[in-house]
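**Q** Supplied structure: query_14.pdb, PDB, C-alpha atoms and all ligand atoms.
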ATOM      1  CA  MET F  16      52.782  78.215 138.781  1.00  0.00           C
ATOM      2  CA  GLU F  17      49.114  79.133 138.533  1.00  0.00           C
ATOM      3  CA  ASN F  18      47.317  79.791 135.298  1.00  0.00           C
ATOM      4  CA  HIS F  19      46.187  83.175 134.049  1.00  0.00           C
ATOM      5  CA  VAL F  20      42.852  83.884 132.429  1.00  0.00           C
ATOM      6  CA  CYS F  21      43.051  85.876 129.223  1.00  0.00           C
ATOM      7  CA  PRO F  22      40.845  88.994 129.553  1.00  0.00           C
ATOM      8  CA  HIS F  23      40.111  88.901 125.819  1.00  0.00           C
ATOM      9  CA  CYS F  24      38.878  85.341 125.313  1.00  0.00           C
ATOM     10  CA  ARG F  25      38.705  83.821 128.850  1.00  0.00           C
ATOM     11  CA  THR F  26      41.137  81.048 127.947  1.00  0.00           C
ATOM     12  CA  GLU F  27      43.324  79.748 130.769  1.00  0.00           C
ATOM     13  CA  VAL F  28      46.949  80.166 129.849  1.00  0.00           C
ATOM     14  CA  PRO F  29      49.822  78.577 131.823  1.00  0.00           C
ATOM     15  CA  HIS F  30      52.245  81.000 133.494  1.00  0.00           C
ATOM     16  CA  GLY F  31      55.280  81.522 131.292  1.00  0.00           C
ATOM     17  CA  ALA F  32      53.494  81.256 127.964  1.00  0.00           C
ATOM     18  CA  ASN F  33      54.265  84.042 125.499  1.00  0.00           C
ATOM     19  CA  VAL F  34      51.007  83.973 123.564  1.00  0.00           C
ATOM     20  CA  CYS F  35      47.413  83.140 124.457  1.00  0.00           C
ATOM     21  CA  THR F  36      46.391  79.769 123.061  1.00  0.00           C
ATOM     22  CA  GLY F  37      42.866  81.083 122.497  1.00  0.00           C
ATOM     23  CA  CYS F  38      43.297  84.379 120.681  1.00  0.00           C
ATOM     24  CA  GLN F  39      47.055  84.777 120.094  1.00  0.00           C
ATOM     25  CA  ALA F  40      47.272  87.811 122.388  1.00  0.00           C
ATOM     26  CA  GLU F  41      50.869  88.528 123.400  1.00  0.00           C
ATOM     27  CA  ILE F  42      51.522  88.015 127.108  1.00  0.00           C
ATOM     28  CA  GLU F  43      53.893  90.390 128.856  1.00  0.00           C
ATOM     29  CA  TYR F  44      55.293  89.699 132.337  1.00  0.00           C
ATOM     30  CA  GLY F  45      56.859  92.132 134.762  1.00  0.00           C
ATOM     31  CA  THR F  46      57.719  95.760 134.155  1.00  0.00           C
ATOM     32  CA  PRO F  47      56.477  97.432 130.976  1.00  0.00           C
ATOM     33  CA  ASN F  48      59.193  99.129 128.904  1.00  0.00           C
ATOM     34  CA  SER F  49      57.309 102.428 129.187  1.00  0.00           C
ATOM     35  CA  ALA F  50      57.928 102.391 132.970  1.00  0.00           C
ATOM     36  CA  PHE F  51      61.688 102.078 132.444  1.00  0.00           C
ATOM     37  CA  LEU F  52      61.515 104.871 129.869  1.00  0.00           C
ATOM     38  CA  ALA F  53      59.642 107.100 132.359  1.00  0.00           C
ATOM     39  CA  VAL F  54      62.314 106.412 135.024  1.00  0.00           C
ATOM     40  CA  PHE F  55      65.087 107.206 132.550  1.00  0.00           C
ATOM     41  CA  ILE F  56      63.432 110.473 131.459  1.00  0.00           C
ATOM     42  CA  ALA F  57      62.791 111.523 135.088  1.00  0.00           C
ATOM     43  CA  ALA F  58      66.415 110.745 136.022  1.00  0.00           C
ATOM     44  CA  THR F  59      67.747 112.674 133.018  1.00  0.00           C
ATOM     45  CA  PHE F  60      65.642 115.774 133.654  1.00  0.00           C
ATOM     46  CA  LEU F  61      66.160 115.862 137.423  1.00  0.00           C
ATOM     47  CA  GLY F  62      69.882 115.128 137.056  1.00  0.00           C
ATOM     48  CA  ALA F  63      70.268 117.889 134.471  1.00  0.00           C
ATOM     49  CA  TRP F  64      68.209 120.335 136.560  1.00  0.00           C
ATOM     50  CA  ILE F  65      70.107 119.659 139.776  1.00  0.00           C
ATOM     51  CA  GLY F  66      73.412 119.657 137.874  1.00  0.00           C
ATOM     52  CA  ALA F  67      72.584 123.088 136.454  1.00  0.00           C
ATOM     53  CA  ASN F  68      71.614 124.432 139.884  1.00  0.00           C
ATOM     54  CA  SER F  69      74.486 123.063 141.947  1.00  0.00           C
ATOM     55  CA  ASN F  70      77.297 121.230 140.177  1.00  0.00           C
ATOM     56  CA  SER F  71      77.577 118.520 137.552  1.00  0.00           C
ATOM     57  CA  VAL F  72      78.880 115.850 139.967  1.00  0.00           C
ATOM     58  CA  VAL F  73      75.787 116.211 142.156  1.00  0.00           C
ATOM     59  CA  GLY F  74      73.690 116.121 138.974  1.00  0.00           C
ATOM     60  CA  TRP F  75      75.290 112.843 137.862  1.00  0.00           C
ATOM     61  CA  ILE F  76      74.859 111.305 141.333  1.00  0.00           C
ATOM     62  CA  THR F  77      71.186 112.314 141.263  1.00  0.00           C
ATOM     63  CA  PHE F  78      70.817 110.787 137.795  1.00  0.00           C
ATOM     64  CA  VAL F  79      72.332 107.439 138.870  1.00  0.00           C
ATOM     65  CA  VAL F  80      70.420 107.299 142.184  1.00  0.00           C
ATOM     66  CA  ILE F  81      67.054 107.969 140.515  1.00  0.00           C
ATOM     67  CA  LEU F  82      67.805 105.541 137.685  1.00  0.00           C
ATOM     68  CA  VAL F  83      68.862 102.661 139.965  1.00  0.00           C
ATOM     69  CA  GLY F  84      66.155 103.364 142.546  1.00  0.00           C
ATOM     70  CA  GLY F  85      63.519 103.714 139.846  1.00  0.00           C
ATOM     71  CA  VAL F  86      64.461 100.454 138.120  1.00  0.00           C
ATOM     72  CA  PHE F  87      64.448  98.534 141.414  1.00  0.00           C
ATOM     73  CA  GLY F  88      61.146 100.191 142.323  1.00  0.00           C
ATOM     74  CA  CYS F  89      59.673  99.114 138.981  1.00  0.00           C
ATOM     75  CA  TYR F  90      60.767  95.510 139.505  1.00  0.00           C
ATOM     76  CA  LYS F  91      59.115  95.462 142.948  1.00  0.00           C
ATOM     77  CA  LEU F  92      56.003  97.289 141.769  1.00  0.00           C
ATOM     78  CA  PHE F  93      55.409  95.159 138.659  1.00  0.00           C
ATOM     79  CA  ALA F  94      56.760  91.815 139.984  1.00  0.00           C
ATOM     80  CA  ASN F  95      53.378  90.084 139.730  1.00  0.00           C
ATOM     81  CA  ARG F  96      52.095  91.925 136.683  1.00  0.00           C
ATOM     82  CA  VAL F  97      50.775  89.954 133.727  1.00  0.00           C
ATOM     83  CA  ASN F  98      49.507  91.851 130.718  1.00  0.00           C
ATOM     84  CA  PHE F  99      47.679  90.402 127.723  1.00  0.00           C
ATOM     85  CA  LYS F 100      48.269  92.483 124.634  1.00  0.00           C
ATOM     86  CA  ARG F 101      45.945  91.657 121.812  1.00  0.00           C
ATOM     87  CA  ILE F 102      46.908  93.167 118.516  1.00  0.00           C
ATOM     88  CA  TYR F 103      43.960  93.844 116.270  1.00  0.00           C
ATOM     89  CA  LYS F 104      45.138  93.579 112.715  1.00  0.00           C
ATOM     90  CA  THR F 105      43.252  95.896 110.391  1.00  0.00           C
ATOM     91  CA  ARG F 106      44.286  94.491 107.075  1.00  0.00           C
TER      92      ARG F 106
HETATM   93 ZN    ZN N   1      43.097  85.106 124.633  1.00  0.00          ZN
END
For this file, write the structure as structure tokens.
Ligand SMILES: [Zn+2]
**A**
Amino acid sequence: MENHVCPHCRTEVPHGANVCTGCQAEIEYGTPNSAFLAVFIAATFLGAWIGANSNSVVGWITFVVILVGGVFGCYKLFANRVNFKRIYKTR
């Protein structure tokens, strides 16, 4: 696997490492949790809205379809994503 360059300190970090060896930034791979949360919220609202406008079974099907499709979409979309999260401690 190729190395990644930390955007904070320009240190080369091997793929798979959890922290930057240069500045201790946390390294996150793949889909951010906020994306999953957004999918879940969208599925809940759309499922509830469609359920209220037609019937609850259709609402539940909509909820599951959006949830599963959204999660798979996130995995595809963020498959090659690497994010360096540097936490600035203010103590
Ligand atoms: Zn760094």
**Q** F:Trp64, F:Thr46, F:Ser69, F:Lys100: which is nearest ligand ZN 1 (chain N), counting all atoms listed in the file?
**A** F:Lys100
**Q** Which neighbours of segment 39-42 of chain F fall inside 6 Å, counting all atoms listed in the file, when residues of the same chain fewer than 6 positions from it are skipped, and could you give them as a list in words?
**A** Asn33, Asn98, Phe99, Lys100 and Arg101 of chain F
**Q** Determine, counting all atoms listed in the file, which protein, DNA and RNA residues have an atom within 9 Å of an atom of Cys38 of chain F; residues of the same chain fewer than 6 positions away are not included. Present the result as a PDB file with C-alpha atoms, in the coordinates of the input.
**A**
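Here's the written file out-v7.pdb:
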ATOM      1  CA  CYS F  21      43.051  85.876 129.223  1.00  0.00           C
ATOM      2  CA  HIS F  23      40.111  88.901 125.819  1.00  0.00           C
ATOM      3  CA  CYS F  24      38.878  85.341 125.313  1.00  0.00           C
ATOM      4  CA  THR F  26      41.137  81.048 127.947  1.00  0.00           C
ATOM      5  CA  ARG F 101      45.945  91.657 121.812  1.00  0.00           C
TER       6      ARG F 101
END
**Q** Can you work out which one of F:Ile102, F:Ala50, F:Ala67, F:Val83 has the shortest atom-to-atom distance to ligand ZN 1 (chain N), counting only C-alpha atoms and all ligand atoms?
**A**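 Closest residue, counting only C-alpha atoms and all ligand atoms: F:Ile102.
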**Q** I need the residue nearest ligand ZN 1 (chain N) from this list: F:Gly62, F:Val28, F:Gly37, F:Glu17. Use all atoms listed in the file for the distance.
**A**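 Using all atoms listed in the file, ligand ZN 1 (chain N) sits closest to F:Gly37.
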**Q** Mind telling me what the PyMOL selection byres (((chain F and resi 78-80) around 10) and not hetatm) catches here, as a PyMOL selection string?
**A** chain F and resi 54-66+72-77+81-86
**Q** Could you check how far atom CA of Val97 of chain F sits from atom CA of Cys35 of chain F, in Å to one decimal?
**A** 12.0 Å
**Q** Any idea what the distance is between atom CA of Glu27 of chain F and atom CA of Tyr90 of chain F?
**A**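 About the pair atom CA of Glu27 of chain F and atom CA of Tyr90 of chain F: they are 25.1 Å apart.
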**Q** Once 4 Å is added on each side, what centre and edge lengths in Å to one decimal does the axis-aligned box around all listed atoms of segment 55-62 of chain F have, as lines of an AutoDock Vina configuration file?
**A**
center_x = 66.3
center_y = 111.5
center_z = 134.4
size_x = 15.1
size_y = 16.7
size_z = 14.0
**Q** Calculate how many Å separate atom CA of Ser71 of chain F from atom CA of Asn48 of chain F, rounding to one decimal.
**A** 28.1 Å
**Q** Name the residues that the PyMOL selection byres (((chain F and resi 95) around 12) and not hetatm) picks from the file above, as a PDB file with C-alpha atoms, in the coordinates of the input, using the file's chain letters and numbers.
**A**
ATOM      1  CA  MET F  16      52.782  78.215 138.781  1.00  0.00           C
ATOM      2  CA  GLU F  17      49.114  79.133 138.533  1.00  0.00           C
ATOM      3  CA  HIS F  19      46.187  83.175 134.049  1.00  0.00           C
ATOM      4  CA  HIS F  30      52.245  81.000 133.494  1.00  0.00           C
ATOM      5  CA  GLU F  43      53.893  90.390 128.856  1.00  0.00           C
ATOM      6  CA  TYR F  44      55.293  89.699 132.337  1.00  0.00           C
ATOM      7  CA  GLY F  45      56.859  92.132 134.762  1.00  0.00           C
ATOM      8  CA  THR F  46      57.719  95.760 134.155  1.00  0.00           C
ATOM      9  CA  PRO F  47      56.477  97.432 130.976  1.00  0.00           C
ATOM     10  CA  CYS F  89      59.673  99.114 138.981  1.00  0.00           C
ATOM     11  CA  TYR F  90      60.767  95.510 139.505  1.00  0.00           C
ATOM     12  CA  LYS F  91      59.115  95.462 142.948  1.00  0.00           C
ATOM     13  CA  LEU F  92      56.003  97.289 141.769  1.00  0.00           C
ATOM     14  CA  PHE F  93      55.409  95.159 138.659  1.00  0.00           C
ATOM     15  CA  ALA F  94      56.760  91.815 139.984  1.00  0.00           C
ATOM     16  CA  ARG F  96      52.095  91.925 136.683  1.00  0.00           C
ATOM     17  CA  VAL F  97      50.775  89.954 133.727  1.00  0.00           C
ATOM     18  CA  ASN F  98      49.507  91.851 130.718  1.00  0.00           C
TER      19      ASN F  98
END
**Q** Calculated over all atoms listed in the file, which of the candidates F:Gly31, F:Phe51, F:Pro22, F:Phe87 has the smallest distance to ligand ZN 1 (chain N)?
**A** F:Pro22
**Q** Out of F:Asn68, F:Asn18, F:Thr36, F:Pro29, which residue has the shortest atom-to-atom distance to ligand ZN 1 (chain N) when counting all atoms listed in the file?
**A**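 Among the listed residues, the smallest separation from ligand ZN 1 (chain N) belongs to F:Thr36.
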**Q** Taking the structure I provided as the source, export chain F with C-alpha atoms, as a PDB file, in the first residue's frame.
**A**
ATOM      1  CA  MET F  16       0.000   0.000   0.000  1.00  0.00           C
ATOM      2  CA  GLU F  17       1.200   3.508  -0.783  1.00  0.00           C
ATOM      3  CA  ASN F  18       2.008   6.093   1.823  1.00  0.00           C
ATOM      4  CA  HIS F  19      -0.077   9.142   2.629  1.00  0.00           C
ATOM      5  CA  VAL F  20       1.296  12.600   3.262  1.00  0.00           C
ATOM      6  CA  CYS F  21      -0.075  14.299   6.349  1.00  0.00           C
ATOM      7  CA  PRO F  22      -1.567  17.686   5.350  1.00  0.00           C
ATOM      8  CA  HIS F  23      -0.627  19.129   8.745  1.00  0.00           C
ATOM      9  CA  CYS F  24       3.077  18.310   8.989  1.00  0.00           C
ATOM     10  CA  ARG F  25       3.995  16.767   5.579  1.00  0.00           C
ATOM     11  CA  THR F  26       5.152  13.525   7.181  1.00  0.00           C
ATOM     12  CA  GLU F  27       4.729  10.377   5.095  1.00  0.00           C
ATOM     13  CA  VAL F  28       2.578   7.912   6.955  1.00  0.00           C
ATOM     14  CA  PRO F  29       2.143   4.261   5.879  1.00  0.00           C
ATOM     15  CA  HIS F  30      -1.383   3.224   4.867  1.00  0.00           C
ATOM     16  CA  GLY F  31      -3.147   1.600   7.798  1.00  0.00           C
ATOM     17  CA  ALA F  32      -1.558   3.698  10.520  1.00  0.00           C
ATOM     18  CA  ASN F  33      -3.991   5.187  13.028  1.00  0.00           C
ATOM     19  CA  VAL F  34      -1.965   8.237  14.006  1.00  0.00           C
ATOM     20  CA  CYS F  35       0.520  10.458  12.191  1.00  0.00           C
ATOM     21  CA  THR F  36       4.066   9.788  13.343  1.00  0.00           C
ATOM     22  CA  GLY F  37       4.899  13.472  12.892  1.00  0.00           C
ATOM     23  CA  CYS F  38       2.135  15.355  14.671  1.00  0.00           C
ATOM     24  CA  GLN F  39      -0.112  12.691  16.248  1.00  0.00           C
ATOM     25  CA  ALA F  40      -3.064  13.609  14.021  1.00  0.00           C
ATOM     26  CA  GLU F  41      -5.695  10.861  14.008  1.00  0.00           C
ATOM     27  CA  ILE F  42      -6.079   9.160  10.631  1.00  0.00           C
ATOM     28  CA  GLU F  43      -9.548   8.120   9.533  1.00  0.00           C
ATOM     29  CA  TYR F  44     -10.149   5.777   6.583  1.00  0.00           C
ATOM     30  CA  GLY F  45     -13.327   5.252   4.612  1.00  0.00           C
ATOM     31  CA  THR F  46     -16.749   6.678   5.336  1.00  0.00           C
ATOM     32  CA  PRO F  47     -17.093   9.353   8.013  1.00  0.00           C
ATOM     33  CA  ASN F  48     -19.690   8.593  10.701  1.00  0.00           C
ATOM     34  CA  SER F  49     -21.499  11.830   9.830  1.00  0.00           C
ATOM     35  CA  ALA F  50     -22.275  10.397   6.360  1.00  0.00           C
ATOM     36  CA  PHE F  51     -23.934   7.331   7.897  1.00  0.00           C
ATOM     37  CA  LEU F  52     -25.860   9.610  10.255  1.00  0.00           C
ATOM     38  CA  ALA F  53     -27.056  11.724   7.292  1.00  0.00           C
ATOM     39  CA  VAL F  54     -28.230   8.557   5.473  1.00  0.00           C
ATOM     40  CA  PHE F  55     -30.048   7.357   8.586  1.00  0.00           C
ATOM     41  CA  ILE F  56     -31.777  10.726   9.101  1.00  0.00           C
ATOM     42  CA  ALA F  57     -32.780  10.932   5.408  1.00  0.00           C
ATOM     43  CA  ALA F  58     -34.160   7.370   5.516  1.00  0.00           C
ATOM     44  CA  THR F  59     -36.103   8.073   8.717  1.00  0.00           C
ATOM     45  CA  PHE F  60     -37.672  11.296   7.452  1.00  0.00           C
ATOM     46  CA  LEU F  61     -38.498  10.015   3.966  1.00  0.00           C
ATOM     47  CA  GLY F  62     -39.803   6.712   5.350  1.00  0.00           C
ATOM     48  CA  ALA F  63     -41.997   8.526   7.870  1.00  0.00           C
ATOM     49  CA  TRP F  64     -43.226  11.004   5.237  1.00  0.00           C
ATOM     50  CA  ILE F  65     -44.070   8.333   2.677  1.00  0.00           C
ATOM     51  CA  GLY F  66     -45.574   6.135   5.405  1.00  0.00           C
ATOM     52  CA  ALA F  67     -47.836   9.008   6.457  1.00  0.00           C
ATOM     53  CA  ASN F  68     -48.887   9.687   2.858  1.00  0.00           C
ATOM     54  CA  SER F  69     -49.517   6.135   1.691  1.00  0.00           C
ATOM     55  CA  ASN F  70     -49.240   3.308   4.206  1.00  0.00           C
ATOM     56  CA  SER F  71     -46.781   2.246   6.878  1.00  0.00           C
ATOM     57  CA  VAL F  72     -45.535  -0.836   4.978  1.00  0.00           C
ATOM     58  CA  VAL F  73     -44.481   1.318   2.022  1.00  0.00           C
ATOM     59  CA  GLY F  74     -42.893   3.724   4.515  1.00  0.00           C
ATOM     60  CA  TRP F  75     -40.846   0.928   6.105  1.00  0.00           C
ATOM     61  CA  ILE F  76     -39.767  -0.401   2.689  1.00  0.00           C
ATOM     62  CA  THR F  77     -38.664   3.117   1.731  1.00  0.00           C
ATOM     63  CA  PHE F  78     -36.748   3.424   5.007  1.00  0.00           C
ATOM     64  CA  VAL F  79     -34.875   0.128   4.472  1.00  0.00           C
ATOM     65  CA  VAL F  80     -34.166   0.787   0.767  1.00  0.00           C
ATOM     66  CA  ILE F  81     -32.738   4.261   1.439  1.00  0.00           C
ATOM     67  CA  LEU F  82     -30.738   3.024   4.429  1.00  0.00           C
ATOM     68  CA  VAL F  83     -29.169   0.058   2.599  1.00  0.00           C
ATOM     69  CA  GLY F  84     -28.655   1.992  -0.639  1.00  0.00           C
ATOM     70  CA  GLY F  85     -27.213   4.955   1.232  1.00  0.00           C
ATOM     71  CA  VAL F  86     -24.757   2.845   3.234  1.00  0.00           C
ATOM     72  CA  PHE F  87     -23.556   1.016   0.112  1.00  0.00           C
ATOM     73  CA  GLY F  88     -23.316   4.351  -1.704  1.00  0.00           C
ATOM     74  CA  CYS F  89     -21.209   5.760   1.138  1.00  0.00           C
ATOM     75  CA  TYR F  90     -18.829   2.796   1.026  1.00  0.00           C
ATOM     76  CA  LYS F  91     -18.352   3.265  -2.734  1.00  0.00           C
ATOM     77  CA  LEU F  92     -18.091   7.044  -2.495  1.00  0.00           C
ATOM     78  CA  PHE F  93     -15.595   7.118   0.391  1.00  0.00           C
ATOM     79  CA  ALA F  94     -13.670   3.895  -0.429  1.00  0.00           C
ATOM     80  CA  ASN F  95     -10.398   5.737  -1.059  1.00  0.00           C
ATOM     81  CA  ARG F  96     -10.878   8.505   1.475  1.00  0.00           C
ATOM     82  CA  VAL F  97      -8.151   9.211   4.011  1.00  0.00           C
ATOM     83  CA  ASN F  98      -8.692  11.989   6.511  1.00  0.00           C
ATOM     84  CA  PHE F  99      -6.130  13.398   8.933  1.00  0.00           C
ATOM     85  CA  LYS F 100      -7.797  14.801  12.010  1.00  0.00           C
ATOM     86  CA  ARG F 101      -5.517  16.904  14.114  1.00  0.00           C
ATOM     87  CA  ILE F 102      -6.875  17.748  17.507  1.00  0.00           C
ATOM     88  CA  TYR F 103      -5.600  21.029  18.848  1.00  0.00           C
ATOM     89  CA  LYS F 104      -5.550  20.798  22.596  1.00  0.00           C
ATOM     90  CA  THR F 105      -6.203  24.136  24.258  1.00  0.00           C
ATOM     91  CA  ARG F 106      -5.151  23.344  27.765  1.00  0.00           C
TER      92      ARG F 106
END
